[in-house]
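Participant: Structure in structure tokens, see below.
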Amino acid sequence: MSKTVVLLDYGSGNIRSGERALQRVGADVTVTSDFDAALNADGLLVPGVGAFEACMTGLRGVRGDVVVDQRLAAGRPVLGICVGMQILFAKGIEHGVETEGCEQWPGVVERLRPEHGEPVPHMGWNTVDAPAGSALFDGIDKERFYFVHSYGVRTWELTETRASVTPAVTWTECGCTELDNVNAGGRAFARLSRDGDFRSVSHPPNCWEKKKSHR
């Protein structure tokens, strides 16, 4: 039997592209903003396109932040894509506007800062540096993934370091200056995972379909 996956419709995101990608890999997909459906599905996909503040407003409007919190507290799978990944961090800063995120992980989403004049947005097909044993990258860690983003988490400050809560972080090169607390100059978050919590700033639907997106 196919796994049920809710693609959360909160007014932001490339809904149809995400729906087609999930169907392609055999999921039973429902596009909805219904709280109970999103809470009880086998998996939840949180898309996102546009400004951090607008996405958080839409997400809170359908209680999506509560759904994500309850699912992750229960160890149930959540996949955030692009801004749908970024809003799961503590806060975002865009054009001088600071907005609280879902605070599932520490970190501030801010504009990328190229060190040597590299273009922003970070756009195109790129490799990633995936952690060993990553379930999300099993068999595809050498592939290229599609990125279109001007913002990312550049500083990683995790005070809790027990193995049970330490995340598996995937990086991509994007011309950023060196991260404040990680020896990873020129890199930014590409994906983060722990138990059932998966987040991606690249576009899996477009990586699978080999075509471009618009963030």
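Quick note on naming: the chains in the structure tokens go A, B, ... in the order shown, residues restart at 1 in each chain, and ligands are numbered from 1 in order of appearance.
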Using only C-alpha atoms, which protein or nucleic acid residues come within 8 Å of Val62 in chain A? Drop anything in the same chain fewer than 5 positions from it, and give the result as a VMD selection string.

Facilitator: chain A and resid 10 33 to 35

Participant: Extract, using only C-alpha atoms, all DNA, RNA and protein residues at most 10 Å from Glu19 in chain A, discarding same-chain residues fewer than 2 positions from it, and format them as a ChimeraX atom specification.

Facilitator: /A:5-7,14-17,21-24,27-31,45,205

Participant: Create the file for the chosen residues now, containing N, CA and C atoms and written as an mmCIF file, in the first residue's frame.

Facilitator:
```cif
data_model
loop_
_atom_site.group_PDB
_atom_site.id
_atom_site.type_symbol
_atom_site.label_atom_id
_atom_site.label_comp_id
_atom_site.auth_asym_id
_atom_site.auth_seq_id
_atom_site.Cartn_x
_atom_site.Cartn_y
_atom_site.Cartn_z
ATOM 1 N N VAL A 5 0.752 10.950 1.866
ATOM 2 C CA VAL A 5 1.525 12.162 2.092
ATOM 3 C C VAL A 5 0.627 13.368 1.862
ATOM 4 N N VAL A 6 0.567 14.263 2.828
ATOM 5 C CA VAL A 6 -0.144 15.524 2.660
ATOM 6 C C VAL A 6 0.847 16.592 2.222
ATOM 7 N N LEU A 7 0.541 17.268 1.137
ATOM 8 C CA LEU A 7 1.285 18.437 0.692
ATOM 9 C C LEU A 7 0.508 19.632 1.235
ATOM 10 N N ASN A 14 5.264 25.804 -4.793
ATOM 11 C CA ASN A 14 4.987 25.213 -6.093
ATOM 12 C C ASN A 14 4.235 23.899 -5.865
ATOM 13 N N ILE A 15 2.940 24.041 -5.610
ATOM 14 C CA ILE A 15 2.117 22.906 -5.181
ATOM 15 C C ILE A 15 2.096 21.790 -6.225
ATOM 16 N N ARG A 16 1.805 22.115 -7.459
ATOM 17 C CA ARG A 16 1.611 21.068 -8.477
ATOM 18 C C ARG A 16 2.906 20.353 -8.807
ATOM 19 N N SER A 17 4.010 21.068 -8.819
ATOM 20 C CA SER A 17 5.292 20.419 -9.065
ATOM 21 C C SER A 17 5.599 19.429 -7.950
ATOM 22 N N ALA A 21 5.878 15.258 -8.249
ATOM 23 C CA ALA A 21 7.090 14.566 -7.813
ATOM 24 C C ALA A 21 6.758 13.458 -6.820
ATOM 25 N N LEU A 22 5.864 13.733 -5.890
ATOM 26 C CA LEU A 22 5.469 12.713 -4.914
ATOM 27 C C LEU A 22 4.741 11.554 -5.582
ATOM 28 N N GLN A 23 3.875 11.870 -6.515
ATOM 29 C CA GLN A 23 3.161 10.819 -7.244
ATOM 30 C C GLN A 23 4.135 9.961 -8.043
ATOM 31 N N ARG A 24 5.155 10.589 -8.566
ATOM 32 C CA ARG A 24 6.131 9.870 -9.383
ATOM 33 C C ARG A 24 6.854 8.794 -8.580
ATOM 34 N N ALA A 27 3.759 7.872 -3.988
ATOM 35 C CA ALA A 27 3.008 8.286 -2.807
ATOM 36 C C ALA A 27 1.541 8.534 -3.145
ATOM 37 N N ASP A 28 0.687 8.328 -2.164
ATOM 38 C CA ASP A 28 -0.731 8.667 -2.252
ATOM 39 C C ASP A 28 -0.864 10.095 -1.724
ATOM 40 N N VAL A 29 -0.943 11.084 -2.632
ATOM 41 C CA VAL A 29 -0.803 12.494 -2.267
ATOM 42 C C VAL A 29 -2.158 13.182 -2.132
ATOM 43 N N THR A 30 -2.276 13.983 -1.077
ATOM 44 C CA THR A 30 -3.422 14.856 -0.897
ATOM 45 C C THR A 30 -2.919 16.274 -0.690
ATOM 46 N N VAL A 31 -3.411 17.199 -1.500
ATOM 47 C CA VAL A 31 -3.078 18.614 -1.333
ATOM 48 C C VAL A 31 -4.188 19.254 -0.516
ATOM 49 N N LEU A 45 4.671 17.194 3.587
ATOM 50 C CA LEU A 45 5.576 18.032 2.817
ATOM 51 C C LEU A 45 5.145 19.483 2.980
ATOM 52 N N PRO A 205 11.461 18.419 -6.422
ATOM 53 C CA PRO A 205 10.607 18.212 -7.598
ATOM 54 C C PRO A 205 11.340 18.528 -8.888
#
```

Participant: Out of range 4-95 of chain A, which residues get helix (DSSP H, G or I) from DSSP, as a ChimeraX atom specification?

Facilitator: /A:15-24,35-40,52-61,64-73,83-86

Participant: Could you take the residues named above and write them with N, CA and C atoms, as a CSV table (one decimal), in the first residue's frame?

Facilitator:
```csv
chain,number,residue,atom,x,y,z
A,15,ILE,N,2.9,24.0,-5.6
A,15,ILE,CA,2.1,22.9,-5.2
A,15,ILE,C,2.1,21.8,-6.2
A,16,ARG,N,1.8,22.1,-7.5
A,16,ARG,CA,1.6,21.1,-8.5
A,16,ARG,C,2.9,20.4,-8.8
A,17,SER,N,4.0,21.1,-8.8
A,17,SER,CA,5.3,20.4,-9.1
A,17,SER,C,5.6,19.4,-8.0
A,18,GLY,N,5.4,19.8,-6.7
A,18,GLY,CA,5.6,18.9,-5.6
A,18,GLY,C,4.7,17.7,-5.6
A,19,GLU,N,3.4,18.0,-6.0
A,19,GLU,CA,2.4,16.9,-6.1
A,19,GLU,C,2.9,15.8,-7.1
A,20,ARG,N,3.3,16.3,-8.3
A,20,ARG,CA,3.7,15.4,-9.4
A,20,ARG,C,5.0,14.6,-8.9
A,21,ALA,N,5.9,15.3,-8.2
A,21,ALA,CA,7.1,14.6,-7.8
A,21,ALA,C,6.8,13.5,-6.8
A,22,LEU,N,5.9,13.7,-5.9
A,22,LEU,CA,5.5,12.7,-4.9
A,22,LEU,C,4.7,11.6,-5.6
A,23,GLN,N,3.9,11.9,-6.5
A,23,GLN,CA,3.2,10.8,-7.2
A,23,GLN,C,4.1,10.0,-8.0
A,24,ARG,N,5.2,10.6,-8.6
A,24,ARG,CA,6.1,9.9,-9.4
A,24,ARG,C,6.9,8.8,-8.6
A,35,PHE,N,-6.1,20.5,9.0
A,35,PHE,CA,-5.2,20.2,10.1
A,35,PHE,C,-5.1,18.7,10.4
A,36,ASP,N,-6.3,18.1,10.6
A,36,ASP,CA,-6.2,16.6,10.9
A,36,ASP,C,-5.6,15.8,9.9
A,37,ALA,N,-5.9,16.1,8.6
A,37,ALA,CA,-5.3,15.3,7.5
A,37,ALA,C,-3.8,15.4,7.5
A,38,ALA,N,-3.3,16.7,7.7
A,38,ALA,CA,-1.8,16.9,7.8
A,38,ALA,C,-1.2,16.3,9.0
A,39,LEU,N,-1.9,16.2,10.1
A,39,LEU,CA,-1.4,15.7,11.3
A,39,LEU,C,-1.3,14.1,11.2
A,40,ASN,N,-2.2,13.5,10.5
A,40,ASN,CA,-2.3,12.0,10.6
A,40,ASN,C,-1.8,11.3,9.4
A,52,PHE,N,9.9,35.1,3.7
A,52,PHE,CA,9.8,34.4,4.9
A,52,PHE,C,8.6,34.9,5.7
A,53,GLU,N,8.4,36.2,5.9
A,53,GLU,CA,7.3,36.7,6.6
A,53,GLU,C,5.9,36.2,6.1
A,54,ALA,N,5.8,36.3,4.7
A,54,ALA,CA,4.5,35.9,4.1
A,54,ALA,C,4.3,34.4,4.3
A,55,CYS,N,5.3,33.6,4.2
A,55,CYS,CA,5.2,32.2,4.4
A,55,CYS,C,4.7,31.8,5.8
A,56,MET,N,5.4,32.5,6.8
A,56,MET,CA,5.0,32.3,8.2
A,56,MET,C,3.6,32.7,8.4
A,57,THR,N,3.1,33.8,7.9
A,57,THR,CA,1.7,34.2,8.0
A,57,THR,C,0.8,33.2,7.5
A,58,GLY,N,1.1,32.7,6.3
A,58,GLY,CA,0.2,31.7,5.7
A,58,GLY,C,0.2,30.4,6.5
A,59,LEU,N,1.4,30.0,7.0
A,59,LEU,CA,1.5,28.8,7.7
A,59,LEU,C,0.7,28.8,9.0
A,60,ARG,N,0.8,29.9,9.7
A,60,ARG,CA,0.1,30.1,11.0
A,60,ARG,C,-1.4,30.2,10.7
A,61,GLY,N,-1.8,30.7,9.5
A,61,GLY,CA,-3.2,30.8,9.2
A,61,GLY,C,-3.9,29.5,9.1
A,64,GLY,N,-0.3,25.4,10.5
A,64,GLY,CA,0.7,24.5,10.0
A,64,GLY,C,1.9,24.4,11.0
A,65,ASP,N,2.2,25.5,11.7
A,65,ASP,CA,3.3,25.5,12.7
A,65,ASP,C,3.0,24.5,13.8
A,66,VAL,N,1.7,24.4,14.2
A,66,VAL,CA,1.3,23.5,15.2
A,66,VAL,C,1.4,22.0,14.7
A,67,VAL,N,0.9,21.8,13.5
A,67,VAL,CA,1.1,20.5,12.8
A,67,VAL,C,2.5,20.0,12.8
A,68,VAL,N,3.4,20.9,12.4
A,68,VAL,CA,4.8,20.5,12.3
A,68,VAL,C,5.3,20.2,13.7
A,69,ASP,N,5.0,21.0,14.6
A,69,ASP,CA,5.5,20.8,16.0
A,69,ASP,C,5.0,19.5,16.6
A,70,GLN,N,3.8,19.2,16.4
A,70,GLN,CA,3.2,17.9,16.9
A,70,GLN,C,3.8,16.7,16.2
A,71,ARG,N,3.9,16.8,14.9
A,71,ARG,CA,4.5,15.7,14.1
A,71,ARG,C,5.9,15.4,14.6
A,72,LEU,N,6.7,16.4,14.7
A,72,LEU,CA,8.1,16.2,15.0
A,72,LEU,C,8.3,15.7,16.5
A,73,ALA,N,7.4,16.2,17.3
A,73,ALA,CA,7.4,15.8,18.7
A,73,ALA,C,7.1,14.3,18.8
A,83,VAL,N,11.7,27.7,1.0
A,83,VAL,CA,11.3,28.5,2.1
A,83,VAL,C,10.5,27.6,3.1
A,84,GLY,N,9.9,26.5,2.7
A,84,GLY,CA,9.3,25.6,3.6
A,84,GLY,C,10.3,24.9,4.5
A,85,MET,N,11.5,24.9,4.1
A,85,MET,CA,12.6,24.4,5.0
A,85,MET,C,13.0,25.6,5.9
A,86,GLN,N,13.2,26.8,5.3
A,86,GLN,CA,13.7,27.9,6.1
A,86,GLN,C,12.8,28.3,7.2
```

Participant: Please measure the separation of CA of Val109 in chain A and CA of Arg154 in chain A, giving the value in Å to one decimal.

Facilitator: 7.4 Å

Participant: Which residues in range 71-156 of chain A does DSSP call strand (DSSP E or B)? List them as a VMD selection string.

Facilitator: chain A and resid 78 to 81 89 to 94 97 to 100 105 to 111 114 122 to 126 129 145 to 149 151 to 153

Participant: Could you write those residues out with N, CA, C and O atoms, as a short mmCIF file (atom, residue, chain, number, x, y, z; two decimals), in the first residue's frame?

Facilitator:
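The result, stored in out-v5.cif:
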```cif
data_model
loop_
_atom_site.label_atom_id
_atom_site.label_comp_id
_atom_site.auth_asym_id
_atom_site.auth_seq_id
_atom_site.Cartn_x
_atom_site.Cartn_y
_atom_site.Cartn_z
N VAL A 78 8.51 14.81 8.34
CA VAL A 78 8.20 16.13 7.78
C VAL A 78 9.32 16.49 6.81
O VAL A 78 10.49 16.35 7.15
N LEU A 79 8.96 16.93 5.61
CA LEU A 79 9.94 17.40 4.64
C LEU A 79 9.62 18.84 4.28
O LEU A 79 8.53 19.13 3.78
N GLY A 80 10.54 19.76 4.57
CA GLY A 80 10.38 21.15 4.17
C GLY A 80 11.25 21.44 2.97
O GLY A 80 12.41 21.05 2.92
N ILE A 81 10.69 22.12 1.96
CA ILE A 81 11.42 22.43 0.73
C ILE A 81 11.53 23.94 0.56
O ILE A 81 10.54 24.66 0.69
N PHE A 89 13.29 27.12 10.94
CA PHE A 89 14.33 27.61 11.83
C PHE A 89 13.78 28.71 12.74
O PHE A 89 12.60 29.06 12.68
N ALA A 90 14.64 29.27 13.61
CA ALA A 90 14.19 30.18 14.65
C ALA A 90 13.62 31.48 14.11
O ALA A 90 12.57 31.96 14.58
N LYS A 91 14.28 32.08 13.12
CA LYS A 91 13.76 33.32 12.57
C LYS A 91 14.39 33.61 11.22
O LYS A 91 15.39 33.00 10.83
N GLY A 92 13.79 34.56 10.50
CA GLY A 92 14.31 34.99 9.22
C GLY A 92 14.39 36.50 9.16
O GLY A 92 13.57 37.20 9.77
N ILE A 93 15.36 37.01 8.42
CA ILE A 93 15.53 38.45 8.24
C ILE A 93 15.60 38.73 6.74
O ILE A 93 16.52 38.28 6.06
N GLU A 94 14.62 39.46 6.22
CA GLU A 94 14.59 39.84 4.81
C GLU A 94 14.24 41.31 4.70
O GLU A 94 13.22 41.76 5.25
N VAL A 97 13.27 43.16 7.75
CA VAL A 97 12.14 42.65 8.53
C VAL A 97 12.54 41.35 9.20
O VAL A 97 12.95 40.39 8.53
N GLU A 98 12.43 41.30 10.52
CA GLU A 98 12.77 40.11 11.30
C GLU A 98 11.48 39.39 11.69
O GLU A 98 10.58 39.99 12.28
N THR A 99 11.38 38.11 11.35
CA THR A 99 10.17 37.33 11.58
C THR A 99 10.50 36.05 12.32
O THR A 99 11.44 35.35 11.96
N GLU A 100 9.72 35.76 13.35
CA GLU A 100 9.90 34.50 14.07
C GLU A 100 9.47 33.33 13.20
O GLU A 100 8.45 33.38 12.53
N TRP A 105 14.53 24.32 15.00
CA TRP A 105 15.98 24.30 15.12
C TRP A 105 16.48 25.72 15.30
O TRP A 105 15.84 26.66 14.85
N PRO A 106 17.62 25.92 15.98
CA PRO A 106 18.20 27.26 16.07
C PRO A 106 18.73 27.69 14.71
O PRO A 106 18.97 26.86 13.83
N GLY A 107 18.90 28.96 14.53
CA GLY A 107 19.47 29.46 13.27
C GLY A 107 18.66 30.60 12.69
O GLY A 107 17.44 30.64 12.84
N VAL A 108 19.35 31.52 12.03
CA VAL A 108 18.72 32.68 11.41
C VAL A 108 18.87 32.57 9.90
O VAL A 108 19.98 32.40 9.39
N VAL A 109 17.76 32.66 9.19
CA VAL A 109 17.78 32.68 7.73
C VAL A 109 18.05 34.12 7.29
O VAL A 109 17.28 35.03 7.61
N GLU A 110 19.15 34.33 6.59
CA GLU A 110 19.53 35.68 6.17
C GLU A 110 20.10 35.63 4.76
O GLU A 110 20.39 34.56 4.22
N ARG A 111 20.28 36.81 4.18
CA ARG A 111 20.77 36.87 2.81
C ARG A 111 22.19 36.31 2.72
O ARG A 111 23.04 36.55 3.58
N PRO A 114 28.23 36.72 -0.56
CA PRO A 114 29.36 36.21 -1.34
C PRO A 114 30.68 36.84 -0.91
O PRO A 114 30.74 38.03 -0.63
N HIS A 122 22.00 32.14 -5.46
CA HIS A 122 22.72 30.90 -5.74
C HIS A 122 21.78 30.07 -6.61
O HIS A 122 20.77 29.58 -6.13
N MET A 123 22.11 29.92 -7.88
CA MET A 123 21.18 29.32 -8.83
C MET A 123 21.87 28.28 -9.70
O MET A 123 22.97 28.50 -10.18
N GLY A 124 21.19 27.15 -9.88
CA GLY A 124 21.67 26.14 -10.80
C GLY A 124 21.90 24.79 -10.13
O GLY A 124 21.58 24.58 -8.97
N TRP A 125 22.48 23.88 -10.90
CA TRP A 125 22.74 22.52 -10.44
C TRP A 125 24.05 22.50 -9.65
O TRP A 125 25.04 23.04 -10.09
N ASN A 126 24.01 21.88 -8.48
CA ASN A 126 25.19 21.89 -7.62
C ASN A 126 25.28 20.57 -6.86
O ASN A 126 24.28 19.89 -6.63
N ASP A 129 27.53 18.18 0.08
CA ASP A 129 28.40 17.43 0.98
C ASP A 129 27.51 16.78 2.02
O ASP A 129 27.16 17.39 3.03
N PHE A 145 21.98 18.71 -7.59
CA PHE A 145 20.66 19.14 -7.15
C PHE A 145 20.45 20.60 -7.53
O PHE A 145 21.39 21.38 -7.59
N TYR A 146 19.18 20.93 -7.78
CA TYR A 146 18.88 22.26 -8.29
C TYR A 146 18.60 23.25 -7.17
O TYR A 146 17.76 23.00 -6.31
N PHE A 147 19.30 24.39 -7.19
CA PHE A 147 19.15 25.43 -6.18
C PHE A 147 18.76 26.75 -6.83
O PHE A 147 19.28 27.11 -7.89
N VAL A 148 17.84 27.48 -6.19
CA VAL A 148 17.55 28.86 -6.56
C VAL A 148 17.22 29.58 -5.26
O VAL A 148 16.08 29.58 -4.81
N HIS A 149 18.20 30.18 -4.62
CA HIS A 149 17.91 30.86 -3.35
C HIS A 149 18.90 31.97 -3.09
O HIS A 149 20.07 31.90 -3.47
N TYR A 151 18.76 33.34 0.20
CA TYR A 151 18.82 33.33 1.65
C TYR A 151 19.17 31.94 2.16
O TYR A 151 18.87 30.93 1.52
N GLY A 152 19.77 31.90 3.32
CA GLY A 152 20.13 30.61 3.91
C GLY A 152 20.56 30.78 5.36
O GLY A 152 20.75 31.90 5.85
N VAL A 153 20.72 29.66 6.05
CA VAL A 153 21.23 29.66 7.42
C VAL A 153 22.75 29.57 7.36
O VAL A 153 23.30 28.60 6.86
#
```

Participant: Skipping near chain neighbours, those fewer than 5 positions away, what residues fall within 9 Å of Asp141 in chain A using only C-alpha atoms, listed as a count of residues only?

Facilitator: 6
